[in-house]
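Taking it in order: structure first as structure tokens, then the write-up.
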Amino acid sequence: MDLTQLHVDPDIRRAETLPGWIYRDAGLYGVARERVFAPSWQLLADADAIRTPGQAFPVTMLEGCLDEPLLLTRDSADRPHCLSNVCTHRANLVCEHPGSLKSLRCRYHGRQFSLDGRMKHMPEFADAENFPREADHLPRLPLERWAAFLFTSLRPFAPFADWARPVAERVGWIDLSAARFAPERSRDYLVEANWALYVENYLEGFHIPYVHAGLTDEVDYGSYRTELFRYASLQVGFSRGG
């Protein structure tokens with residue numbers, strides 16, 4: 001992986017497509033995981049997943065990429081939390097299934113945690129000195145809510161409010177508090193491609209007249225545009241006629 005030879009001309013009239021090895025290099029993919037995905041804000045679940053005190057909801061952050069085991073909880077004081085779902089003793093999962101709990105208990109050695117992640121008890125450790133320490137509690141991650149959705153980041157690259165502001169300004173007038181996932185309308189597609197290649201394809205509109213005939217009939221292709229923000233881009237298309 002030699003990025004010193006890579007140059008992208010800032011003038012799009014002279015810029016060229018990235019070389020093919022960019023999309024195949026395992027080392028570069030590892031760098032992207034650490035520098036692109038780990039600091040990013042990611043959707044975890046609907047807020048209903050931890051609607052009432054005592055609820056716990058395990059989730060894997062970016063499965064297939066970061067594969068970070070996390071746990072959403074709401075404690076008895078009605079405070080929501082996003083915790084590491086890895087026991088601080090022997091790295092076993094603390095919670096394996098969603099449900100209502102009074103506390104968290106690792107099935108490996110019985111280490112118990114409160115729903116805010118603080119360690120409560122460890123069998124046979126009564127005589128241990130300087131225990132528990134701060135490192136024995138479950139690590140906490142930031143938890144942010146927008147509308148009906150919960151987000152977190154392993155290492156936030158920017159405040160959530162700054163990242164989400166363009167979305168809130170554009171569609172904040174829509175009442176999404178009652179939004180619910182409709183599994184019967186969901187579709188999964190397996191795309192065997194590098195993530196960057198897929199994103200690039202999604203962000204360019206050149207292929208629309210050739211690939212999406214139905215969309216071409218509805219959208220005025222000449223008015224299609226992309227708006228750029230500091231942390232995001234927005235595609236805008238206008239329908240034909242009414």
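Residues in the structure tokens are named by chain (A, B, ... in the order shown) and by number from 1 within that chain; ligands are numbered from 1 in the order shown.
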Polymer residues at most 8 Å from Leu138 in chain A, only C-alpha atoms, same-chain spacing of 3 or more positions, as a list of chain:residue names: A:Leu83, A:Ser84, A:Asn85, A:Val86, A:Cys87, A:Thr88, A:Phe113, A:Gly117, A:Arg118, A:Met119, A:Ala135
Those selected residues, please, written with all heavy atoms and delivered as an mmCIF file, in the first residue's frame.
data_model
loop_
_atom_site.group_PDB
_atom_site.id
_atom_site.type_symbol
_atom_site.label_atom_id
_atom_site.label_comp_id
_atom_site.auth_asym_id
_atom_site.auth_seq_id
_atom_site.Cartn_x
_atom_site.Cartn_y
_atom_site.Cartn_z
ATOM 1 N N LEU A 83 -23.407 0.694 26.121
ATOM 2 C CA LEU A 83 -22.281 0.077 26.812
ATOM 3 C C LEU A 83 -21.581 -0.925 25.908
ATOM 4 O O LEU A 83 -22.171 -1.462 24.965
ATOM 5 C CB LEU A 83 -22.771 -0.660 28.064
ATOM 6 C CG LEU A 83 -23.684 0.097 29.013
ATOM 7 C CD1 LEU A 83 -24.268 -0.862 30.051
ATOM 8 C CD2 LEU A 83 -22.929 1.226 29.698
ATOM 9 N N SER A 84 -20.333 -1.208 26.243
ATOM 10 C CA SER A 84 -19.676 -2.354 25.629
ATOM 11 C C SER A 84 -20.375 -3.613 26.144
ATOM 12 O O SER A 84 -20.685 -3.726 27.324
ATOM 13 C CB SER A 84 -18.198 -2.393 26.005
ATOM 14 O OG SER A 84 -17.623 -3.628 25.611
ATOM 15 N N ASN A 85 -20.624 -4.554 25.245
ATOM 16 C CA ASN A 85 -21.290 -5.798 25.637
ATOM 17 C C ASN A 85 -20.265 -6.903 25.910
ATOM 18 O O ASN A 85 -20.590 -8.086 25.848
ATOM 19 C CB ASN A 85 -22.264 -6.245 24.536
ATOM 20 C CG ASN A 85 -23.245 -7.288 25.021
ATOM 21 O OD1 ASN A 85 -23.457 -7.455 26.217
ATOM 22 N ND2 ASN A 85 -23.842 -8.017 24.094
ATOM 23 N N VAL A 86 -19.032 -6.511 26.222
ATOM 24 C CA VAL A 86 -17.954 -7.470 26.469
ATOM 25 C C VAL A 86 -17.560 -7.403 27.948
ATOM 26 O O VAL A 86 -17.182 -6.339 28.442
ATOM 27 C CB VAL A 86 -16.729 -7.162 25.584
ATOM 28 C CG1 VAL A 86 -15.609 -8.156 25.858
ATOM 29 C CG2 VAL A 86 -17.117 -7.200 24.107
ATOM 30 N N CYS A 87 -17.663 -8.535 28.636
ATOM 31 C CA CYS A 87 -17.322 -8.567 30.052
ATOM 32 C C CYS A 87 -15.867 -8.154 30.257
ATOM 33 O O CYS A 87 -14.974 -8.563 29.502
ATOM 34 C CB CYS A 87 -17.556 -9.964 30.616
ATOM 35 S SG CYS A 87 -17.224 -10.096 32.389
ATOM 36 N N THR A 88 -15.630 -7.377 31.294
ATOM 37 C CA THR A 88 -14.276 -6.870 31.567
ATOM 38 C C THR A 88 -13.386 -7.909 32.236
ATOM 39 O O THR A 88 -12.236 -7.618 32.569
ATOM 40 C CB THR A 88 -14.364 -5.621 32.450
ATOM 41 O OG1 THR A 88 -15.237 -5.882 33.563
ATOM 42 C CG2 THR A 88 -14.915 -4.450 31.661
ATOM 43 N N PHE A 113 -23.180 -6.636 36.649
ATOM 44 C CA PHE A 113 -23.118 -5.194 36.384
ATOM 45 C C PHE A 113 -24.517 -4.604 36.524
ATOM 46 O O PHE A 113 -25.523 -5.265 36.252
ATOM 47 C CB PHE A 113 -22.615 -4.916 34.964
ATOM 48 C CG PHE A 113 -21.283 -5.539 34.636
ATOM 49 C CD1 PHE A 113 -21.214 -6.837 34.142
ATOM 50 C CD2 PHE A 113 -20.110 -4.826 34.806
ATOM 51 C CE1 PHE A 113 -19.995 -7.415 33.831
ATOM 52 C CE2 PHE A 113 -18.875 -5.392 34.496
ATOM 53 C CZ PHE A 113 -18.822 -6.695 34.005
ATOM 54 N N GLY A 117 -23.787 -0.032 33.624
ATOM 55 C CA GLY A 117 -22.471 -0.557 33.291
ATOM 56 C C GLY A 117 -21.513 -0.703 34.455
ATOM 57 O O GLY A 117 -20.429 -1.274 34.299
ATOM 58 N N ARG A 118 -21.892 -0.233 35.639
ATOM 59 C CA ARG A 118 -20.987 -0.313 36.781
ATOM 60 C C ARG A 118 -21.000 -1.734 37.366
ATOM 61 O O ARG A 118 -22.049 -2.337 37.534
ATOM 62 C CB ARG A 118 -21.372 0.706 37.862
ATOM 63 C CG ARG A 118 -21.281 2.140 37.370
ATOM 64 C CD ARG A 118 -21.396 3.123 38.521
ATOM 65 N NE ARG A 118 -20.263 3.014 39.431
ATOM 66 C CZ ARG A 118 -19.078 3.587 39.228
ATOM 67 N NH1 ARG A 118 -18.856 4.301 38.130
ATOM 68 N NH2 ARG A 118 -18.108 3.456 40.116
ATOM 69 N N MET A 119 -19.796 -2.245 37.674
ATOM 70 C CA MET A 119 -19.691 -3.584 38.224
ATOM 71 C C MET A 119 -20.236 -3.631 39.640
ATOM 72 O O MET A 119 -19.917 -2.785 40.476
ATOM 73 C CB MET A 119 -18.241 -4.061 38.213
ATOM 74 C CG MET A 119 -18.128 -5.561 38.068
ATOM 75 S SD MET A 119 -16.627 -6.229 38.794
ATOM 76 C CE MET A 119 -17.056 -6.190 40.523
ATOM 77 N N ALA A 135 -11.552 0.286 35.554
ATOM 78 C CA ALA A 135 -11.448 -0.564 34.374
ATOM 79 C C ALA A 135 -12.332 -1.803 34.453
ATOM 80 O O ALA A 135 -12.491 -2.511 33.454
ATOM 81 C CB ALA A 135 -9.983 -0.990 34.173
#
Non-local contacts of Leu70 in chain A (12 Å; only C-alpha atoms; under 6 positions in same chain excluded) as a PDB file with N, CA, C and O atoms, in the first residue's frame:
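Once written, result_35.pdb looks like this:
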ATOM      1  N   LEU A  44     -27.971   2.603  15.512  1.00  0.00           N
ATOM      2  CA  LEU A  44     -27.969   1.346  16.258  1.00  0.00           C
ATOM      3  C   LEU A  44     -29.333   0.670  16.284  1.00  0.00           C
ATOM      4  O   LEU A  44     -29.455  -0.531  16.059  1.00  0.00           O
ATOM      5  N   ALA A  45     -30.380   1.447  16.597  1.00  0.00           N
ATOM      6  CA  ALA A  45     -31.701   0.841  16.774  1.00  0.00           C
ATOM      7  C   ALA A  45     -32.745   1.940  16.888  1.00  0.00           C
ATOM      8  O   ALA A  45     -32.426   3.127  17.000  1.00  0.00           O
ATOM      9  N   ALA A  56     -32.912  -4.173  28.033  1.00  0.00           N
ATOM     10  CA  ALA A  56     -31.559  -4.317  27.502  1.00  0.00           C
ATOM     11  C   ALA A  56     -31.662  -4.848  26.082  1.00  0.00           C
ATOM     12  O   ALA A  56     -32.466  -5.745  25.807  1.00  0.00           O
ATOM     13  N   PHE A  57     -30.835  -4.301  25.195  1.00  0.00           N
ATOM     14  CA  PHE A  57     -30.936  -4.649  23.781  1.00  0.00           C
ATOM     15  C   PHE A  57     -29.526  -4.759  23.191  1.00  0.00           C
ATOM     16  O   PHE A  57     -28.875  -3.750  22.937  1.00  0.00           O
ATOM     17  N   PRO A  58     -29.022  -5.985  22.987  1.00  0.00           N
ATOM     18  CA  PRO A  58     -27.689  -6.153  22.394  1.00  0.00           C
ATOM     19  C   PRO A  58     -27.707  -5.883  20.899  1.00  0.00           C
ATOM     20  O   PRO A  58     -28.683  -6.200  20.209  1.00  0.00           O
ATOM     21  N   VAL A  59     -26.643  -5.301  20.388  1.00  0.00           N
ATOM     22  CA  VAL A  59     -26.538  -4.991  18.967  1.00  0.00           C
ATOM     23  C   VAL A  59     -25.075  -5.039  18.553  1.00  0.00           C
ATOM     24  O   VAL A  59     -24.188  -4.736  19.359  1.00  0.00           O
ATOM     25  N   THR A  60     -24.825  -5.450  17.325  1.00  0.00           N
ATOM     26  CA  THR A  60     -23.469  -5.447  16.783  1.00  0.00           C
ATOM     27  C   THR A  60     -23.308  -4.237  15.880  1.00  0.00           C
ATOM     28  O   THR A  60     -24.060  -4.073  14.917  1.00  0.00           O
ATOM     29  N   MET A  61     -22.340  -3.394  16.168  1.00  0.00           N
ATOM     30  CA  MET A  61     -22.129  -2.182  15.386  1.00  0.00           C
ATOM     31  C   MET A  61     -21.386  -2.510  14.096  1.00  0.00           C
ATOM     32  O   MET A  61     -20.287  -3.072  14.122  1.00  0.00           O
ATOM     33  N   LEU A  62     -21.987  -2.183  12.966  1.00  0.00           N
ATOM     34  CA  LEU A  62     -21.427  -2.416  11.635  1.00  0.00           C
ATOM     35  C   LEU A  62     -20.927  -3.849  11.481  1.00  0.00           C
ATOM     36  O   LEU A  62     -19.734  -4.104  11.325  1.00  0.00           O
ATOM     37  N   GLU A  63     -21.863  -4.780  11.528  1.00  0.00           N
ATOM     38  CA  GLU A  63     -21.532  -6.193  11.394  1.00  0.00           C
ATOM     39  C   GLU A  63     -20.847  -6.452  10.053  1.00  0.00           C
ATOM     40  O   GLU A  63     -21.302  -5.994   9.013  1.00  0.00           O
ATOM     41  N   HIS A  81     -28.430   4.130  28.129  1.00  0.00           N
ATOM     42  CA  HIS A  81     -26.985   3.961  28.068  1.00  0.00           C
ATOM     43  C   HIS A  81     -26.610   3.133  26.849  1.00  0.00           C
ATOM     44  O   HIS A  81     -27.383   2.289  26.377  1.00  0.00           O
ATOM     45  N   CYS A  82     -25.407   3.378  26.369  1.00  0.00           N
ATOM     46  CA  CYS A  82     -24.803   2.524  25.349  1.00  0.00           C
ATOM     47  C   CYS A  82     -23.495   2.006  25.942  1.00  0.00           C
ATOM     48  O   CYS A  82     -22.591   2.791  26.245  1.00  0.00           O
ATOM     49  N   LEU A  83     -23.407   0.694  26.121  1.00  0.00           N
ATOM     50  CA  LEU A  83     -22.281   0.077  26.812  1.00  0.00           C
ATOM     51  C   LEU A  83     -21.581  -0.925  25.908  1.00  0.00           C
ATOM     52  O   LEU A  83     -22.171  -1.462  24.965  1.00  0.00           O
ATOM     53  N   SER A  84     -20.333  -1.208  26.243  1.00  0.00           N
ATOM     54  CA  SER A  84     -19.676  -2.354  25.629  1.00  0.00           C
ATOM     55  C   SER A  84     -20.375  -3.613  26.144  1.00  0.00           C
ATOM     56  O   SER A  84     -20.685  -3.726  27.324  1.00  0.00           O
ATOM     57  N   ASN A  85     -20.624  -4.554  25.245  1.00  0.00           N
ATOM     58  CA  ASN A  85     -21.290  -5.798  25.637  1.00  0.00           C
ATOM     59  C   ASN A  85     -20.265  -6.903  25.910  1.00  0.00           C
ATOM     60  O   ASN A  85     -20.590  -8.086  25.848  1.00  0.00           O
ATOM     61  N   VAL A  86     -19.032  -6.511  26.222  1.00  0.00           N
ATOM     62  CA  VAL A  86     -17.954  -7.470  26.469  1.00  0.00           C
ATOM     63  C   VAL A  86     -17.560  -7.403  27.948  1.00  0.00           C
ATOM     64  O   VAL A  86     -17.182  -6.339  28.442  1.00  0.00           O
ATOM     65  N   CYS A  87     -17.663  -8.535  28.636  1.00  0.00           N
ATOM     66  CA  CYS A  87     -17.322  -8.567  30.052  1.00  0.00           C
ATOM     67  C   CYS A  87     -15.867  -8.154  30.257  1.00  0.00           C
ATOM     68  O   CYS A  87     -14.974  -8.563  29.502  1.00  0.00           O
ATOM     69  N   LEU A  93     -19.620 -12.296  26.111  1.00  0.00           N
ATOM     70  CA  LEU A  93     -20.754 -11.396  25.955  1.00  0.00           C
ATOM     71  C   LEU A  93     -21.525 -11.320  27.270  1.00  0.00           C
ATOM     72  O   LEU A  93     -21.816 -12.338  27.896  1.00  0.00           O
ATOM     73  N   VAL A  94     -21.877 -10.110  27.668  1.00  0.00           N
ATOM     74  CA  VAL A  94     -22.616  -9.924  28.910  1.00  0.00           C
ATOM     75  C   VAL A  94     -24.102 -10.216  28.715  1.00  0.00           C
ATOM     76  O   VAL A  94     -24.744 -10.849  29.547  1.00  0.00           O
ATOM     77  N   CYS A  95     -24.648  -9.756  27.612  1.00  0.00           N
ATOM     78  CA  CYS A  95     -26.076  -9.932  27.324  1.00  0.00           C
ATOM     79  C   CYS A  95     -26.217 -10.485  25.905  1.00  0.00           C
ATOM     80  O   CYS A  95     -25.688  -9.897  24.959  1.00  0.00           O
ATOM     81  N   GLU A  96     -26.922 -11.594  25.767  1.00  0.00           N
ATOM     82  CA  GLU A  96     -27.020 -12.257  24.468  1.00  0.00           C
ATOM     83  C   GLU A  96     -28.372 -12.089  23.796  1.00  0.00           C
ATOM     84  O   GLU A  96     -28.499 -12.289  22.583  1.00  0.00           O
ATOM     85  N   HIS A  97     -29.400 -11.722  24.576  1.00  0.00           N
ATOM     86  CA  HIS A  97     -30.748 -11.599  24.013  1.00  0.00           C
ATOM     87  C   HIS A  97     -31.438 -10.374  24.601  1.00  0.00           C
ATOM     88  O   HIS A  97     -31.233 -10.036  25.779  1.00  0.00           O
ATOM     89  N   PRO A  98     -32.273  -9.701  23.813  1.00  0.00           N
ATOM     90  CA  PRO A  98     -33.015  -8.562  24.357  1.00  0.00           C
ATOM     91  C   PRO A  98     -34.014  -9.018  25.420  1.00  0.00           C
ATOM     92  O   PRO A  98     -34.516 -10.140  25.377  1.00  0.00           O
ATOM     93  N   GLY A 117     -23.787  -0.032  33.624  1.00  0.00           N
ATOM     94  CA  GLY A 117     -22.471  -0.557  33.291  1.00  0.00           C
ATOM     95  C   GLY A 117     -21.513  -0.703  34.455  1.00  0.00           C
ATOM     96  O   GLY A 117     -20.429  -1.274  34.299  1.00  0.00           O
ATOM     97  N   LEU A 138     -18.159  -1.681  32.699  1.00  0.00           N
ATOM     98  CA  LEU A 138     -18.309  -1.773  31.245  1.00  0.00           C
ATOM     99  C   LEU A 138     -18.060  -0.396  30.625  1.00  0.00           C
ATOM    100  O   LEU A 138     -18.647   0.601  31.074  1.00  0.00           O
ATOM    101  N   PRO A 139     -17.200  -0.304  29.612  1.00  0.00           N
ATOM    102  CA  PRO A 139     -16.979   0.982  28.956  1.00  0.00           C
ATOM    103  C   PRO A 139     -18.270   1.554  28.384  1.00  0.00           C
ATOM    104  O   PRO A 139     -19.114   0.815  27.880  1.00  0.00           O
ATOM    105  N   ARG A 140     -18.416   2.871  28.484  1.00  0.00           N
ATOM    106  CA  ARG A 140     -19.610   3.552  27.963  1.00  0.00           C
ATOM    107  C   ARG A 140     -19.273   4.279  26.660  1.00  0.00           C
ATOM    108  O   ARG A 140     -18.178   4.822  26.500  1.00  0.00           O
ATOM    109  N   LEU A 141     -20.221   4.298  25.769  1.00  0.00           N
ATOM    110  CA  LEU A 141     -20.096   5.033  24.519  1.00  0.00           C
ATOM    111  C   LEU A 141     -21.137   6.146  24.509  1.00  0.00           C
ATOM    112  O   LEU A 141     -22.175   6.051  25.189  1.00  0.00           O
ATOM    113  N   PRO A 142     -20.903   7.189  23.737  1.00  0.00           N
ATOM    114  CA  PRO A 142     -21.915   8.246  23.649  1.00  0.00           C
ATOM    115  C   PRO A 142     -23.182   7.698  22.998  1.00  0.00           C
ATOM    116  O   PRO A 142     -23.115   6.872  22.083  1.00  0.00           O
ATOM    117  N   LEU A 143     -24.305   8.133  23.481  1.00  0.00           N
ATOM    118  CA  LEU A 143     -25.591   7.718  22.909  1.00  0.00           C
ATOM    119  C   LEU A 143     -26.396   8.959  22.581  1.00  0.00           C
ATOM    120  O   LEU A 143     -26.661   9.777  23.452  1.00  0.00           O
ATOM    121  N   PHE A 151     -28.114   6.606  17.958  1.00  0.00           N
ATOM    122  CA  PHE A 151     -26.821   6.579  17.280  1.00  0.00           C
ATOM    123  C   PHE A 151     -25.687   6.528  18.305  1.00  0.00           C
ATOM    124  O   PHE A 151     -25.823   7.026  19.425  1.00  0.00           O
ATOM    125  N   THR A 152     -24.551   5.969  17.860  1.00  0.00           N
ATOM    126  CA  THR A 152     -23.341   6.029  18.668  1.00  0.00           C
ATOM    127  C   THR A 152     -22.129   6.056  17.764  1.00  0.00           C
ATOM    128  O   THR A 152     -22.227   5.892  16.541  1.00  0.00           O
ATOM    129  N   SER A 153     -20.962   6.262  18.381  1.00  0.00           N
ATOM    130  CA  SER A 153     -19.688   6.251  17.666  1.00  0.00           C
ATOM    131  C   SER A 153     -18.622   5.731  18.617  1.00  0.00           C
ATOM    132  O   SER A 153     -18.652   6.033  19.814  1.00  0.00           O
ATOM    133  N   LEU A 154     -17.689   4.934  18.093  1.00  0.00           N
ATOM    134  CA  LEU A 154     -16.600   4.438  18.935  1.00  0.00           C
ATOM    135  C   LEU A 154     -15.646   5.556  19.303  1.00  0.00           C
ATOM    136  O   LEU A 154     -15.161   5.629  20.437  1.00  0.00           O
TER     137      LEU A 154
END
Show me a table, sorted first by chain and then by increasing residue number, of the residues of range 52-149 of chain A having an atom at most 9 Å from range 165-188 of chain A, each with its shortest atom pair and the distance in Å to one decimal, counting only C-alpha atoms and written as a Markdown table.
| residue | atom | partner | partner_atom | distance |
| --- | --- | --- | --- | --- |
| A:Trp146 | CA | A:Ala168 | CA | 8.5 |
| A:Ala147 | CA | A:Ser177 | CA | 5.6 |
| A:Ala148 | CA | A:Ser177 | CA | 5.2 |
| A:Phe149 | CA | A:Ser177 | CA | 8.9 |
Only C-alpha atoms, please: the residues just picked out, written as a JSON list (two decimals), in the first residue's frame.
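Output (out33.json):
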[["chain", "number", "residue", "atom", "x", "y", "z"],
["A", 146, "TRP", "CA", -32.52, 11.96, 16.56],
["A", 147, "ALA", "CA", -36.27, 11.54, 16.05],
["A", 148, "ALA", "CA", -36.97, 7.86, 16.75],
["A", 149, "PHE", "CA", -33.41, 6.67, 16.14]]
Residues of range 78-236 of chain A in strand (DSSP E or B), written as a PyMOL selection string: chain A and resi 80-84+86+93+99-100+104-105+112-113+119-121+140-141+144-146+149-152+219+225-228+233-236
Coordinates-based distance that separates CA of Ala161 in chain A from CA of Val236 in chain A (Å, one decimal):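 Taking CA of Val236 in chain A as the start and CA of Ala161 in chain A as the end point, the length is 22.7 Å.
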d(CA of Pro80 in chain A, CA of Tyr108 in chain A) in Å: 25.6 Å
Which of A:Leu203, A:Leu190, A:Ile22, A:Leu43 sits closest to Leu6 in chain A [using only C-alpha atoms]: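 Ranking A:Leu203, A:Leu190, A:Ile22, A:Leu43 by distance to Leu6 in chain A, first place goes to A:Ile22.
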Which of A:Gln42, A:Asn130, A:Ser239, A:Gln5 sits closest to Trp163 in chain A [using only C-alpha atoms]: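 When distances to Trp163 in chain A are compared using only C-alpha atoms, the smallest one comes from A:Gln42.
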Distance of CA of Ala196 in chain A from CA of Glu34 in chain A, expressed in Å to one decimal place: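 If I compute the distance from CA of Glu34 in chain A to CA of Ala196 in chain A, I get 14.6 Å.
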Helix (DSSP H, G or I) call set, DSSP backbone run, range 15-115 of chain A, as a PyMOL selection string: chain A and resi 20-23+26-37+47-50
Residue among A:Tyr189, A:Leu3, A:Arg79, A:Gly110 lying closest to Asn92 in chain A, counting only C-alpha atoms: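 Ranking A:Tyr189, A:Leu3, A:Arg79, A:Gly110 by distance to Asn92 in chain A, first place goes to A:Gly110.
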